[in-house]
file my_file-v2.txt (compact mmCIF, C-alpha atoms and all ligand atoms)
# COMPACT_ATOMS: atom_id res chain seq x y z
CA MET A 250 111.89 39.90 147.46
CA ASN A 251 109.35 41.52 145.15
CA ARG A 252 106.07 42.68 146.65
CA TRP A 253 103.91 39.92 145.16
CA ASN A 254 106.17 37.11 146.31
CA PHE A 255 106.72 35.98 142.74
CA PRO A 256 108.98 32.99 143.33
CA ASP A 257 112.63 33.01 142.38
CA LEU A 258 112.29 30.26 139.78
CA GLY A 259 116.02 30.31 139.09
CA ILE A 260 117.48 30.91 135.66
CA GLY A 261 115.33 29.70 132.81
CA VAL A 262 115.22 29.57 129.05
CA GLY A 263 112.72 30.97 126.55
CA LEU A 264 110.67 28.10 125.11
CA ARG A 265 111.24 27.84 121.35
CA THR A 266 109.68 25.41 118.88
CA VAL A 267 113.05 24.11 117.64
CA HIS A 268 113.75 22.75 121.13
CA PHE A 269 110.39 20.94 121.65
CA ARG A 270 111.66 17.50 120.70
CA HIS A 271 114.79 17.82 122.83
CA ILE A 272 112.84 19.00 125.88
CA LEU A 273 110.24 16.24 125.68
CA SER A 274 112.72 13.42 125.06
CA LYS A 275 115.65 14.50 127.24
CA ARG A 276 113.87 16.40 130.03
CA PRO A 277 116.83 18.77 130.46
CA PRO A 278 117.41 20.30 133.92
CA VAL A 279 116.13 23.76 132.97
CA ASP A 280 114.83 25.74 135.96
CA TRP A 281 111.80 27.16 134.15
CA PHE A 282 110.48 28.18 130.75
CA GLU A 283 109.08 31.48 129.56
CA VAL A 284 106.34 30.89 126.98
CA LEU A 285 105.49 33.38 124.21
CA SER A 286 101.76 33.76 124.78
CA GLU A 287 100.76 34.47 121.19
CA ASN A 288 102.35 31.23 119.99
CA PHE A 289 99.72 29.24 121.86
CA MET A 290 96.64 31.45 122.14
CA ASP A 291 95.08 30.64 118.79
CA THR A 292 96.22 27.12 118.28
CA GLU A 293 94.92 23.69 119.11
CA GLY A 294 96.46 20.33 118.55
CA HIS A 295 100.15 19.54 118.69
CA PRO A 296 101.68 22.83 119.94
CA LEU A 297 99.22 22.98 122.82
CA TRP A 298 99.77 19.30 123.60
CA VAL A 299 103.52 19.99 123.80
CA LEU A 300 102.93 23.01 126.02
CA ASP A 301 100.75 20.95 128.38
CA GLN A 302 103.55 18.37 128.70
CA ILE A 303 106.13 21.05 129.44
CA ALA A 304 103.87 22.89 131.90
CA GLU A 305 103.41 19.63 133.79
CA ARG A 306 107.15 19.24 134.25
CA TYR A 307 108.50 22.79 134.52
CA PRO A 308 107.42 26.11 136.06
CA ILE A 309 106.07 28.52 133.43
CA ALA A 310 105.64 32.28 133.02
CA LEU A 311 103.85 33.87 130.06
CA HIS A 312 105.39 36.63 127.96
CA GLY A 313 103.44 38.52 125.29
CA VAL A 314 104.08 41.00 122.50
CA SER A 315 100.57 42.09 121.47
CA MET A 316 98.91 43.76 124.46
CA SER A 317 99.81 47.23 123.12
CA ILE A 318 99.45 48.70 126.59
CA GLY A 319 100.55 52.17 125.49
CA SER A 320 98.20 52.51 122.51
CA THR A 321 95.19 54.83 122.39
CA ASP A 322 93.09 52.04 120.84
CA ALA A 323 90.67 50.27 123.17
CA LEU A 324 92.09 47.26 124.99
CA ASP A 325 91.51 44.03 123.09
CA ARG A 326 89.16 42.17 125.46
CA GLU A 327 89.19 39.00 123.40
CA TYR A 328 92.99 38.91 123.49
CA LEU A 329 92.94 39.38 127.26
CA ARG A 330 90.33 36.64 127.67
CA LYS A 331 92.52 34.19 125.75
CA LEU A 332 95.61 35.28 127.68
CA LYS A 333 93.86 34.70 130.99
CA ALA A 334 92.76 31.23 129.86
CA LEU A 335 96.30 30.33 128.77
CA ALA A 336 97.71 31.52 132.08
CA ALA A 337 95.25 29.30 133.93
CA ARG A 338 95.97 26.34 131.66
CA THR A 339 99.75 26.56 132.15
CA ARG A 340 99.55 27.59 135.83
CA ALA A 341 101.74 30.54 134.85
CA HIS A 342 103.50 32.20 137.78
CA TRP A 343 103.07 35.62 136.17
CA VAL A 344 102.14 37.29 132.88
CA SER A 345 104.30 39.91 131.21
CA ASP A 346 104.27 42.16 128.14
CA HIS A 347 106.19 45.24 127.01
CA LEU A 348 106.06 48.95 127.75
CA CYS A 349 105.20 49.89 124.17
CA TRP A 350 102.44 50.17 121.62
CA THR A 351 102.10 47.92 118.60
CA GLY A 352 99.53 49.79 116.52
CA VAL A 353 96.83 52.43 116.42
CA ALA A 354 93.47 53.01 114.70
CA GLY A 355 92.95 49.28 114.43
CA ARG A 356 96.17 48.64 112.55
CA ASN A 357 98.78 46.32 114.05
CA VAL A 358 102.36 46.86 112.88
CA HIS A 359 103.65 43.82 114.82
CA ASP A 360 106.49 45.84 116.26
CA LEU A 361 107.25 47.05 119.77
CA LEU A 362 107.13 50.81 119.24
CA PRO A 363 108.59 53.21 121.80
CA MET A 364 106.32 55.41 123.91
CA PRO A 365 106.41 59.16 124.25
CA TYR A 366 107.55 59.62 127.85
CA SER A 367 105.25 62.37 129.11
CA GLU A 368 102.92 62.93 132.09
CA GLU A 369 99.93 62.43 129.80
CA ALA A 370 101.25 59.10 128.50
CA LEU A 371 102.07 58.03 132.06
CA ARG A 372 98.50 58.65 133.26
CA HIS A 373 97.07 56.96 130.17
CA THR A 374 99.27 53.87 130.48
CA ALA A 375 98.78 53.55 134.23
CA ALA A 376 94.99 53.50 133.83
CA ARG A 377 95.26 50.75 131.21
CA VAL A 378 97.65 48.69 133.33
CA ARG A 379 95.16 48.80 136.21
CA GLN A 380 92.36 47.73 133.84
CA VAL A 381 94.40 44.81 132.51
CA SER A 382 95.34 43.69 136.04
CA GLU A 383 91.66 43.66 136.98
CA ILE A 384 90.71 41.65 133.93
CA LEU A 385 93.55 39.15 134.36
CA GLU A 386 93.02 39.09 138.14
CA ARG A 387 96.76 39.26 138.66
CA PRO A 388 99.44 41.96 138.53
CA LEU A 389 100.73 42.74 135.05
CA VAL A 390 104.51 42.72 134.58
CA LEU A 391 105.96 45.13 132.01
CA GLU A 392 109.31 44.85 130.27
CA ASN A 393 111.48 47.79 129.26
CA PRO A 394 111.79 47.62 125.45
CA SER A 395 114.90 48.23 123.39
CA SER A 396 114.56 51.37 121.29
CA TYR A 397 116.28 53.18 118.45
CA VAL A 398 114.37 56.46 118.25
CA GLU A 399 112.83 58.80 120.79
CA PHE A 400 109.89 61.21 120.68
CA ALA A 401 110.89 64.86 120.61
CA SER A 402 107.85 65.43 122.83
CA SER A 403 109.20 63.23 125.68
CA THR A 404 109.70 65.17 128.89
CA MET A 405 111.41 62.39 130.84
CA THR A 406 113.70 59.44 130.28
CA GLU A 407 112.42 55.88 130.01
CA TRP A 408 113.50 55.01 133.54
CA GLU A 409 111.87 58.18 134.89
CA PHE A 410 108.66 56.96 133.23
CA LEU A 411 108.79 53.25 134.10
CA ALA A 412 109.60 53.58 137.81
CA PRO A 413 106.59 55.79 138.71
CA LEU A 414 104.38 53.87 136.28
CA ALA A 415 105.04 50.73 138.29
CA GLU A 416 104.16 52.53 141.53
CA VAL A 417 100.94 54.24 140.43
CA SER A 418 99.61 51.31 138.42
CA ASP A 419 100.88 48.67 140.85
CA CYS A 420 102.56 46.62 138.14
CA GLY A 421 105.73 44.60 138.16
CA ILE A 422 108.85 45.24 136.11
CA LEU A 423 110.53 42.71 133.90
CA LEU A 424 113.93 44.34 133.72
CA ASP A 425 115.62 43.32 130.49
CA ILE A 426 119.25 44.03 131.26
CA ASN A 427 120.28 43.79 127.63
CA ASN A 428 117.51 46.18 126.54
CA ALA A 429 118.58 48.71 129.16
CA TYR A 430 122.12 48.43 127.79
CA VAL A 431 120.98 48.67 124.14
CA SER A 432 118.63 51.62 124.65
CA THR A 433 120.99 53.64 126.81
CA PHE A 434 123.80 53.11 124.29
CA ASN A 435 121.55 54.15 121.39
CA HIS A 436 120.38 57.29 123.20
CA GLY A 437 123.64 58.24 124.88
CA PHE A 438 122.94 57.48 128.55
CA ALA A 439 124.81 55.47 131.18
CA PRO A 440 123.22 52.02 131.67
CA ASN A 441 124.04 52.03 135.40
CA VAL A 442 121.74 55.00 135.87
CA TYR A 443 118.85 53.09 134.31
CA VAL A 444 119.33 49.98 136.42
CA ASP A 445 119.83 51.94 139.64
CA ALA A 446 116.57 53.84 139.05
CA MET A 447 114.41 50.71 139.05
CA PRO A 448 112.53 50.12 142.33
CA PRO A 449 113.95 46.77 143.52
CA ASP A 450 110.71 45.48 145.06
CA ARG A 451 108.91 45.94 141.72
CA ILE A 452 111.32 43.77 139.74
CA GLY A 453 109.69 40.38 139.25
CA GLN A 454 111.94 39.03 136.52
CA TYR A 455 115.12 39.67 134.55
CA HIS A 456 115.86 39.06 130.88
CA LEU A 457 119.31 38.44 129.43
CA ALA A 458 120.16 38.24 125.72
CA GLY A 459 122.81 38.93 123.13
CA HIS A 460 122.72 41.75 120.61
CA THR A 461 124.42 43.01 117.43
CA HIS A 462 126.73 46.02 117.73
CA ASN A 463 126.85 48.10 114.55
CA GLY A 464 129.24 50.75 115.78
CA SER A 465 126.94 53.76 115.84
CA HIS A 466 124.01 51.80 117.27
CA ILE A 467 123.10 48.41 118.75
CA LEU A 468 120.37 46.13 117.39
CA ASP A 469 118.55 43.94 119.90
CA THR A 470 118.78 40.77 117.82
CA HIS A 471 118.81 38.04 120.50
CA SER A 472 121.17 36.20 118.18
CA ASP A 473 124.32 35.76 120.23
CA HIS A 474 125.92 35.28 123.63
CA VAL A 475 125.43 37.84 126.40
CA ILE A 476 128.30 40.34 126.38
CA ASP A 477 130.51 41.11 129.40
CA ALA A 478 129.11 44.61 129.96
CA VAL A 479 125.59 43.15 130.22
CA TRP A 480 126.81 40.53 132.71
CA ASP A 481 128.30 43.37 134.79
CA LEU A 482 125.00 45.22 134.66
CA TYR A 483 123.09 42.07 135.63
CA ARG A 484 125.26 41.55 138.71
CA ARG A 485 124.73 45.19 139.66
CA ALA A 486 120.93 44.88 139.36
CA TYR A 487 120.82 41.50 141.11
CA ALA A 488 122.78 42.85 144.07
CA ARG A 489 119.91 45.30 144.67
CA THR A 490 117.07 42.78 144.39
CA GLY A 491 118.43 39.47 145.58
CA GLY A 492 116.88 36.33 144.11
CA VAL A 493 114.70 37.22 141.15
CA ALA A 494 113.82 34.78 138.38
CA THR A 495 115.97 35.31 135.31
CA LEU A 496 115.51 34.22 131.73
CA VAL A 497 117.90 33.80 128.80
CA GLU A 498 116.36 34.78 125.43
CA TRP A 499 117.69 33.56 122.08
CA ASP A 500 115.50 34.21 119.03
CA GLU A 501 117.65 34.36 115.91
CA LYS A 502 120.11 31.75 114.70
CA ILE A 503 118.84 29.66 117.63
CA PRO A 504 121.47 27.10 118.62
CA GLU A 505 121.03 23.74 120.36
CA LEU A 506 119.41 23.95 123.77
CA GLU A 507 122.73 23.04 125.40
CA VAL A 508 124.26 26.26 124.03
CA VAL A 509 121.41 28.39 125.38
CA HIS A 510 121.66 26.52 128.66
CA GLY A 511 125.37 27.33 128.66
CA GLU A 512 124.33 30.96 129.17
CA VAL A 513 122.23 29.82 132.13
CA LEU A 514 125.27 28.16 133.70
CA LYS A 515 127.28 31.30 133.02
CA ALA A 516 124.60 33.38 134.76
CA ARG A 517 124.82 31.10 137.80
CA ARG A 518 128.56 31.57 137.93
CA GLN A 519 128.09 35.34 137.64
CA LEU A 520 125.86 35.22 140.70
CA GLY A 521 128.11 32.84 142.62
CA LEU A 522 125.45 30.11 142.55
CA ASP A 523 126.52 26.50 142.36
CA ASP A 524 125.67 24.46 139.28
CA ARG A 525 122.76 22.68 140.90
CA SER A 526 120.59 20.72 138.55
CA GLY A 527 117.78 23.24 138.65
CA VAL A 528 114.68 24.23 140.54
CA ALA A 529 112.49 22.23 138.20
CA ALA A 530 114.28 19.03 139.15
CA GLU A 531 113.77 19.78 142.83
CA VAL A 532 110.20 21.01 142.65
CA TYR A 533 108.79 18.81 139.94
CA GLY A 534 110.85 15.68 140.50
FE FE A 601 113.48 40.82 126.73
call {"tool": "encode", "arguments": {"input": "my_file-v2.txt", "output": "structure tokens"}}
result
Amino acid sequence: MNRWNFPDLGIGVGLRTVHFRHILSKRPPVDWFEVLSENFMDTEGHPLWVLDQIAERYPIALHGVSMSIGSTDALDREYLRKLKALAARTRAHWVSDHLCWTGVAGRNVHDLLPMPYSEEALRHTAARVRQVSEILERPLVLENPSSYVEFASSTMTEWEFLAPLAEVSDCGILLDINNAYVSTFNHGFAPNVYVDAMPPDRIGQYHLAGHTHNGSHILDTHSDHVIDAVWDLYRRAYARTGGVATLVEWDEKIPELEVVHGEVLKARRQLGLDDRSGVAAEVYG
């Protein structure tokens, strides 16, 4: 169990616009949905109406891409205010973003850029995580990003940075198993080492996704089924943490919801769970 008692919501699916109609009309037995915060923070009307309907029927967690926790720019207070309001509106079980920066000097590149892994960056990021947690009045959960380049100035590996960051800033970890696989392949490390280095009681959620292997490097495309090596890594991580909410991401060439949910059923089989109809059906009727 993680230290904040984040519930094991089961194995959920990332909420995507193309599935709205199916979800509202068919009420599929999905355990929970992860909602991309930015898709709903600056909108009124239909998308928010849909989200309210879904939040009434399914457990929700929020996942963002714009906090830029590693940047040297000031924290965006207005963004955090909107995020807090959305979390309250959806009764989100937790709020996550990425260990990255997305811009500097007021310019946003809309990309999850890798951090320099140094003592200075660790202190800087930890202070910002504590600030964000205070503002949101809840622990922040940070996801390990997938990366393709590294800073020559880094003095430690990503896992040597993330594990102590979680301890000193008291944040949670969203361990993306696929990202750990992608990044360690791209940088020539063993993925087992990454997963084994994560403090189990800090892991509040897992991500699973497919990727595109280009021979010399892997692109984190979220466009395909989860590969066997990532399933192996997931089982390895899960054995250390026990029941932790897991989410299947699919963002390119998004298939029917049944196909994405097929990955959920596969995850259950990987963990030796029966094909029950889902936490949502039990909790929310
Ligand atoms: Fe992810």
call {"tool": "closest_atom_pairs", "arguments": {"input": "my_file-v2.txt", "of": "chain A", "to": "ligand FE 601 (chain A)", "cutoff": "10 Å", "atoms": "all atoms listed in the file", "output": "JSON lines"}}
result
{"residue": "A:Gly263", "atom": "CA", "partner": "A:FE601", "partner_atom": "FE", "distance": 9.9}
{"residue": "A:His312", "atom": "CA", "partner": "A:FE601", "partner_atom": "FE", "distance": 9.2}
{"residue": "A:Asp346", "atom": "CA", "partner": "A:FE601", "partner_atom": "FE", "distance": 9.4}
{"residue": "A:His347", "atom": "CA", "partner": "A:FE601", "partner_atom": "FE", "distance": 8.5}
{"residue": "A:Glu392", "atom": "CA", "partner": "A:FE601", "partner_atom": "FE", "distance": 6.8}
{"residue": "A:Asn393", "atom": "CA", "partner": "A:FE601", "partner_atom": "FE", "distance": 7.7}
{"residue": "A:Pro394", "atom": "CA", "partner": "A:FE601", "partner_atom": "FE", "distance": 7.1}
{"residue": "A:Ser395", "atom": "CA", "partner": "A:FE601", "partner_atom": "FE", "distance": 8.3}
{"residue": "A:Leu423", "atom": "CA", "partner": "A:FE601", "partner_atom": "FE", "distance": 8.0}
{"residue": "A:Leu424", "atom": "CA", "partner": "A:FE601", "partner_atom": "FE", "distance": 7.8}
{"residue": "A:Asp425", "atom": "CA", "partner": "A:FE601", "partner_atom": "FE", "distance": 5.0}
{"residue": "A:Ile426", "atom": "CA", "partner": "A:FE601", "partner_atom": "FE", "distance": 8.0}
{"residue": "A:Asn427", "atom": "CA", "partner": "A:FE601", "partner_atom": "FE", "distance": 7.5}
{"residue": "A:Asn428", "atom": "CA", "partner": "A:FE601", "partner_atom": "FE", "distance": 6.7}
{"residue": "A:Ala429", "atom": "CA", "partner": "A:FE601", "partner_atom": "FE", "distance": 9.7}
{"residue": "A:Tyr455", "atom": "CA", "partner": "A:FE601", "partner_atom": "FE", "distance": 8.1}
{"residue": "A:His456", "atom": "CA", "partner": "A:FE601", "partner_atom": "FE", "distance": 5.1}
{"residue": "A:Leu457", "atom": "CA", "partner": "A:FE601", "partner_atom": "FE", "distance": 6.9}
{"residue": "A:Ala458", "atom": "CA", "partner": "A:FE601", "partner_atom": "FE", "distance": 7.2}
{"residue": "A:Asp469", "atom": "CA", "partner": "A:FE601", "partner_atom": "FE", "distance": 9.1}
{"residue": "A:His471", "atom": "CA", "partner": "A:FE601", "partner_atom": "FE", "distance": 8.7}
{"residue": "A:Leu496", "atom": "CA", "partner": "A:FE601", "partner_atom": "FE", "distance": 8.5}
{"residue": "A:Val497", "atom": "CA", "partner": "A:FE601", "partner_atom": "FE", "distance": 8.5}
{"residue": "A:Glu498", "atom": "CA", "partner": "A:FE601", "partner_atom": "FE", "distance": 6.8}
{"residue": "A:Trp499", "atom": "CA", "partner": "A:FE601", "partner_atom": "FE", "distance": 9.6}
call {"tool": "write_last_selection", "arguments": {"input": "my_file-v2.txt", "atoms": "C-alpha atoms", "output": "PDB file, in the coordinates of the input"}}
result
ATOM      1  CA  GLY A 263     112.720  30.970 126.550  1.00  0.00           C
ATOM      2  CA  HIS A 312     105.390  36.630 127.960  1.00  0.00           C
ATOM      3  CA  ASP A 346     104.270  42.160 128.140  1.00  0.00           C
ATOM      4  CA  HIS A 347     106.190  45.240 127.010  1.00  0.00           C
ATOM      5  CA  GLU A 392     109.310  44.850 130.270  1.00  0.00           C
ATOM      6  CA  ASN A 393     111.480  47.790 129.260  1.00  0.00           C
ATOM      7  CA  PRO A 394     111.790  47.620 125.450  1.00  0.00           C
ATOM      8  CA  SER A 395     114.900  48.230 123.390  1.00  0.00           C
ATOM      9  CA  LEU A 423     110.530  42.710 133.900  1.00  0.00           C
ATOM     10  CA  LEU A 424     113.930  44.340 133.720  1.00  0.00           C
ATOM     11  CA  ASP A 425     115.620  43.320 130.490  1.00  0.00           C
ATOM     12  CA  ILE A 426     119.250  44.030 131.260  1.00  0.00           C
ATOM     13  CA  ASN A 427     120.280  43.790 127.630  1.00  0.00           C
ATOM     14  CA  ASN A 428     117.510  46.180 126.540  1.00  0.00           C
ATOM     15  CA  ALA A 429     118.580  48.710 129.160  1.00  0.00           C
ATOM     16  CA  TYR A 455     115.120  39.670 134.550  1.00  0.00           C
ATOM     17  CA  HIS A 456     115.860  39.060 130.880  1.00  0.00           C
ATOM     18  CA  LEU A 457     119.310  38.440 129.430  1.00  0.00           C
ATOM     19  CA  ALA A 458     120.160  38.240 125.720  1.00  0.00           C
ATOM     20  CA  ASP A 469     118.550  43.940 119.900  1.00  0.00           C
ATOM     21  CA  HIS A 471     118.810  38.040 120.500  1.00  0.00           C
ATOM     22  CA  LEU A 496     115.510  34.220 131.730  1.00  0.00           C
ATOM     23  CA  VAL A 497     117.900  33.800 128.800  1.00  0.00           C
ATOM     24  CA  GLU A 498     116.360  34.780 125.430  1.00  0.00           C
ATOM     25  CA  TRP A 499     117.690  33.560 122.080  1.00  0.00           C
TER      26      TRP A 499
END
call {"tool": "residues_around", "arguments": {"input": "my_file-v2.txt", "residues": "Leu411 of chain A", "least_positions_apart": "3", "cutoff": "8 Å", "atoms": "all atoms listed in the file", "output": "JSON, numbers by chain"}}
result
{"A": [393, 407, 408, 414, 415, 447]}
call {"tool": "atom_distance", "arguments": {"input": "my_file-v2.txt", "atom1": "atom CA of Phe410 of chain A", "atom2": "atom CA of Ser367 of chain A"}}
result
7.6 Å
call {"tool": "residues_around", "arguments": {"input": "my_file-v2.txt", "residues": "Val344 of chain A", "least_positions_apart": "6", "cutoff": "10 Å", "atoms": "all atoms listed in the file", "output": "list in words"}}
result
Glu283, Val284, Ser286, Ile309, Ala310, Leu311, His312, Gly313, Leu332, Lys333, Leu335, Ala336, Ser382, Leu385, Arg387, Pro388, Leu389, Val390, Leu391 and Gly421 of chain A
call {"tool": "atom_distance", "arguments": {"input": "my_file-v2.txt", "atom1": "atom CA of Glu512 of chain A", "atom2": "atom CA of Pro449 of chain A"}}
result
23.7 Å
call {"tool": "closest_residue", "arguments": {"input": "my_file-v2.txt", "among": "A:Val279, A:Leu329, A:Ala304, A:Ala516", "to": "Val262 of chain A", "atoms": "all atoms listed in the file"}}
result
A:Val279
call {"tool": "atom_distance", "arguments": {"input": "my_file-v2.txt", "atom1": "atom CA of Arg489 of chain A", "atom2": "atom CA of Pro256 of chain A"}}
result
16.5 Å
call {"tool": "decode", "arguments": {"input": "my_file-v2.txt", "residues": "segment 337-349 of chain A", "atoms": "N, CA, C and O atoms", "output": "mmCIF file, in the first residue's frame"}}
result
data_model
loop_
_atom_site.group_PDB
_atom_site.id
_atom_site.type_symbol
_atom_site.label_atom_id
_atom_site.label_comp_id
_atom_site.auth_asym_id
_atom_site.auth_seq_id
_atom_site.Cartn_x
_atom_site.Cartn_y
_atom_site.Cartn_z
ATOM 1 N N ALA A 337 -11.422 19.170 -7.675
ATOM 2 C CA ALA A 337 -12.580 19.190 -6.768
ATOM 3 C C ALA A 337 -13.847 18.815 -7.531
ATOM 4 O O ALA A 337 -14.668 18.027 -7.056
ATOM 5 N N ARG A 338 -13.995 19.353 -8.724
ATOM 6 C CA ARG A 338 -15.201 19.107 -9.523
ATOM 7 C C ARG A 338 -15.368 17.620 -9.869
ATOM 8 O O ARG A 338 -16.470 17.097 -9.876
ATOM 9 N N THR A 339 -14.245 16.964 -10.181
ATOM 10 C CA THR A 339 -14.312 15.562 -10.613
ATOM 11 C C THR A 339 -14.106 14.576 -9.448
ATOM 12 O O THR A 339 -14.102 13.376 -9.654
ATOM 13 N N ARG A 340 -13.915 15.125 -8.254
ATOM 14 C CA ARG A 340 -13.589 14.294 -7.070
ATOM 15 C C ARG A 340 -12.416 13.355 -7.403
ATOM 16 O O ARG A 340 -12.461 12.146 -7.153
ATOM 17 N N ALA A 341 -11.390 13.952 -8.011
ATOM 18 C CA ALA A 341 -10.218 13.174 -8.451
ATOM 19 C C ALA A 341 -9.520 12.535 -7.251
ATOM 20 O O ALA A 341 -9.330 13.180 -6.222
ATOM 21 N N HIS A 342 -9.148 11.278 -7.413
ATOM 22 C CA HIS A 342 -8.465 10.578 -6.311
ATOM 23 C C HIS A 342 -7.045 11.079 -6.127
ATOM 24 O O HIS A 342 -6.516 11.037 -5.038
ATOM 25 N N TRP A 343 -6.393 11.504 -7.204
ATOM 26 C CA TRP A 343 -5.086 12.131 -7.113
ATOM 27 C C TRP A 343 -4.827 12.923 -8.390
ATOM 28 O O TRP A 343 -5.579 12.807 -9.371
ATOM 29 N N VAL A 344 -3.756 13.727 -8.347
ATOM 30 C CA VAL A 344 -3.399 14.606 -9.461
ATOM 31 C C VAL A 344 -1.935 14.336 -9.813
ATOM 32 O O VAL A 344 -1.069 14.387 -8.945
ATOM 33 N N SER A 345 -1.693 14.064 -11.090
ATOM 34 C CA SER A 345 -0.317 13.760 -11.495
ATOM 35 C C SER A 345 0.141 14.662 -12.637
ATOM 36 O O SER A 345 -0.672 15.266 -13.349
ATOM 37 N N ASP A 346 1.444 14.771 -12.784
ATOM 38 C CA ASP A 346 2.078 15.426 -13.933
ATOM 39 C C ASP A 346 3.409 14.708 -14.153
ATOM 40 O O ASP A 346 3.584 13.600 -13.635
ATOM 41 N N HIS A 347 4.301 15.321 -14.922
ATOM 42 C CA HIS A 347 5.535 14.626 -15.316
ATOM 43 C C HIS A 347 6.781 15.263 -14.715
ATOM 44 O O HIS A 347 6.822 16.473 -14.509
ATOM 45 N N LEU A 348 7.778 14.448 -14.490
ATOM 46 C CA LEU A 348 9.092 14.940 -14.082
ATOM 47 C C LEU A 348 9.777 15.480 -15.338
ATOM 48 O O LEU A 348 10.408 14.730 -16.092
ATOM 49 N N CYS A 349 9.583 16.782 -15.578
ATOM 50 C CA CYS A 349 10.094 17.376 -16.818
ATOM 51 C C CYS A 349 9.983 18.884 -16.726
ATOM 52 O O CYS A 349 9.551 19.423 -15.713
#
